[in-house]
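**Student:** First the structure, then my questions, so here it is.
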Amino acid sequence: MAGIDLNSDLGESLGAWRMGDDAAMLAVVSSANVACGFHAGDPAGILATLKSARANNVTVGAHVSYPDLTGFGRRNMDVASADLVADVIYQIGALKGLAAAAGTDVRYVKPHGALYNTIAHDARQGDDVIAAILEIDPTLVLVGLAGSPLLARARERGLTVVAEAFADRAYTPQGELVSRREKGAVLHDPQVVAARMLRLVQEGVIEAIDGSLTRVQADSICVHGDSPGAVDMARELRRQLEQSGVTIRSFIDAGSAPSA
């Protein structure tokens with residue numbers, strides 16, 4: 001059976017504010033989306049996470065965001081193109097510097113929160129993120145929502161793309177993520193989450209919030225590092241996948257396969 005990448009959003013602690021358990025999560029996942037300071041993360045904490053990622057042979061990606069520390073990057077912003085391009089370049093560059101000091105490399109970009117959701121369908125902001133990646137390092141892989149128009153546009157511009165599914169989020173029948181403002185949008189039961197993702201890998205479908213099945217083709221599965229019980233969820237997910245013969249490996253190691 002084909003393998004799958006497991007990723008998590010890490011490096012999000014800020015000063016005395018602790019977010020998630022990066023050390024424990026890095027022993028489970030194969031890729032780490034590391035905060036770049038715009039939605040979360042401070043330099044010392046980000047550097048520590050990068051060093052831990054290197055020690056665990058975990059692939060590192062830049063988790064770029066709108067400039068929104070107060071809202072944890074989850075508030076929509078109408079950012080001018082020149083600013084958005086520069087913001088993304090700035091964040092990737094900062095993480096590249098810290099990664100070099102940690103003895104590792106930034107291999108991909110995964111936008112965070114509201115930016116991630118907006119560019120999935122907003123052509124203007126999506127093209128800005130694509131342009132920023134092409135300007136700073138066109139070898140970087142772009143991770144985006146499975147089935148979103150963003151992936152096709154990025155691929156047309158020459159970027160390698162990876163389609164992503166979310167283990168701990170509910171889906172609409174159309175294959176979109178249910179808004180966090182709605183009841184049942186975030187899943188917490190490790191057994192339920194693991195079973196859903198095993199079915200995704202084996203059958204290419206996810207049960208939507210209304211009970212129907214929606215088809216999702218994904219190369220990577222995300223478990224949010226800030227969710228309650230995130231590490232236990234990730235461990236159970238990995239256990240069930242490996243028990244069923246699914247190999248856990250970074251999409252970089254596997255050779256990033258474009259997805260629609």
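If you're wondering about the labels, chains in the structure tokens are A, B, ... by order shown, residues count from 1 in each chain, ligands from 1 in order shown.
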Given only C-alpha atoms, how would the per-residue table for stretch 30-110 of chain A near stretch 117-141 of chain A read, listing every residue at most 10 Å away with its closest atom pair and distance in Å to one decimal, sorted by chain and number, as CSV?

**Tutor:**
residue,atom,partner,partner_atom,distance
A:Gly61,CA,A:Val141,CA,8.7
A:Ala62,CA,A:Leu140,CA,9.6
A:Val64,CA,A:Val129,CA,9.5
A:Arg74,CA,A:Asn117,CA,9.3
A:Asn76,CA,A:Thr118,CA,7.6
A:Met77,CA,A:Thr118,CA,9.0
A:Asp78,CA,A:Gln125,CA,8.8
A:Val79,CA,A:Gln125,CA,8.1
A:Ala80,CA,A:Gln125,CA,8.6
A:Ser81,CA,A:Asp128,CA,6.0
A:Ala82,CA,A:Asp128,CA,8.1
A:Asp83,CA,A:Asp128,CA,9.2
A:Leu84,CA,A:Asp128,CA,6.5
A:Val85,CA,A:Ala132,CA,4.9
A:Ala86,CA,A:Ala132,CA,7.0
A:Asp87,CA,A:Ala132,CA,8.5
A:Val88,CA,A:Ala132,CA,6.1
A:Ile89,CA,A:Ala132,CA,5.5
A:Tyr90,CA,A:Ile136,CA,9.2
A:Ile92,CA,A:Ile136,CA,7.9
A:Gly93,CA,A:Ile136,CA,7.7
A:Val106,CA,A:Leu140,CA,7.8
A:Arg107,CA,A:Leu140,CA,5.4
A:Tyr108,CA,A:Val141,CA,4.3
A:Val109,CA,A:Val141,CA,6.1
A:Lys110,CA,A:Val141,CA,8.5

**Student:** Quick one: residues within 7 Å of A:Thr247, only C-alpha atoms counted, chain neighbours fewer than 5 positions away excluded, as a PyMOL selection string?

**Tutor:** chain A and resi 2-4+242

**Student:** Could you pull the residues within 12 Å of A:Ser179, counting only C-alpha atoms, minus those fewer than 2 positions along the same chain, as a count of residues only?

**Tutor:** 17

**Student:** Which parts of stretch 30-61 of chain A does DSSP call helix (DSSP H, G or I) when run on the backbone here, written out as a ChimeraX atom specification?

**Tutor:** /A:43-55

**Student:** Residues as selected, N, CA and C atoms, written as an mmCIF file, in the first residue's frame, can you do that?

**Tutor:**
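selection-v1.cif, freshly written:
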data_model
loop_
_atom_site.group_PDB
_atom_site.id
_atom_site.type_symbol
_atom_site.label_atom_id
_atom_site.label_comp_id
_atom_site.auth_asym_id
_atom_site.auth_seq_id
_atom_site.Cartn_x
_atom_site.Cartn_y
_atom_site.Cartn_z
ATOM 1 N N PRO A 43 11.709 33.685 18.065
ATOM 2 C CA PRO A 43 12.926 33.134 17.458
ATOM 3 C C PRO A 43 13.566 31.982 18.232
ATOM 4 N N ALA A 44 13.670 32.113 19.555
ATOM 5 C CA ALA A 44 14.312 31.057 20.334
ATOM 6 C C ALA A 44 13.503 29.761 20.276
ATOM 7 N N GLY A 45 12.195 29.889 20.386
ATOM 8 C CA GLY A 45 11.351 28.696 20.334
ATOM 9 C C GLY A 45 11.350 28.057 18.969
ATOM 10 N N ILE A 46 11.307 28.880 17.921
ATOM 11 C CA ILE A 46 11.346 28.346 16.556
ATOM 12 C C ILE A 46 12.653 27.608 16.323
ATOM 13 N N LEU A 47 13.768 28.201 16.783
ATOM 14 C CA LEU A 47 15.069 27.552 16.612
ATOM 15 C C LEU A 47 15.119 26.212 17.334
ATOM 16 N N ALA A 48 14.568 26.154 18.535
ATOM 17 C CA ALA A 48 14.546 24.895 19.285
ATOM 18 C C ALA A 48 13.735 23.832 18.549
ATOM 19 N N THR A 49 12.597 24.237 17.984
ATOM 20 C CA THR A 49 11.768 23.296 17.221
ATOM 21 C C THR A 49 12.518 22.792 15.991
ATOM 22 N N LEU A 50 13.221 23.675 15.317
ATOM 23 C CA LEU A 50 13.992 23.277 14.134
ATOM 24 C C LEU A 50 15.101 22.297 14.499
ATOM 25 N N LYS A 51 15.761 22.518 15.612
ATOM 26 C CA LYS A 51 16.805 21.588 16.050
ATOM 27 C C LYS A 51 16.215 20.220 16.380
ATOM 28 N N SER A 52 15.049 20.221 17.011
ATOM 29 C CA SER A 52 14.375 18.965 17.328
ATOM 30 C C SER A 52 13.915 18.258 16.062
ATOM 31 N N ALA A 53 13.454 19.017 15.066
ATOM 32 C CA ALA A 53 13.060 18.421 13.791
ATOM 33 C C ALA A 53 14.254 17.740 13.131
ATOM 34 N N ARG A 54 15.382 18.398 13.155
ATOM 35 C CA ARG A 54 16.591 17.805 12.577
ATOM 36 C C ARG A 54 16.960 16.516 13.306
ATOM 37 N N ALA A 55 16.897 16.527 14.627
ATOM 38 C CA ALA A 55 17.254 15.345 15.414
ATOM 39 C C ALA A 55 16.328 14.170 15.129
#
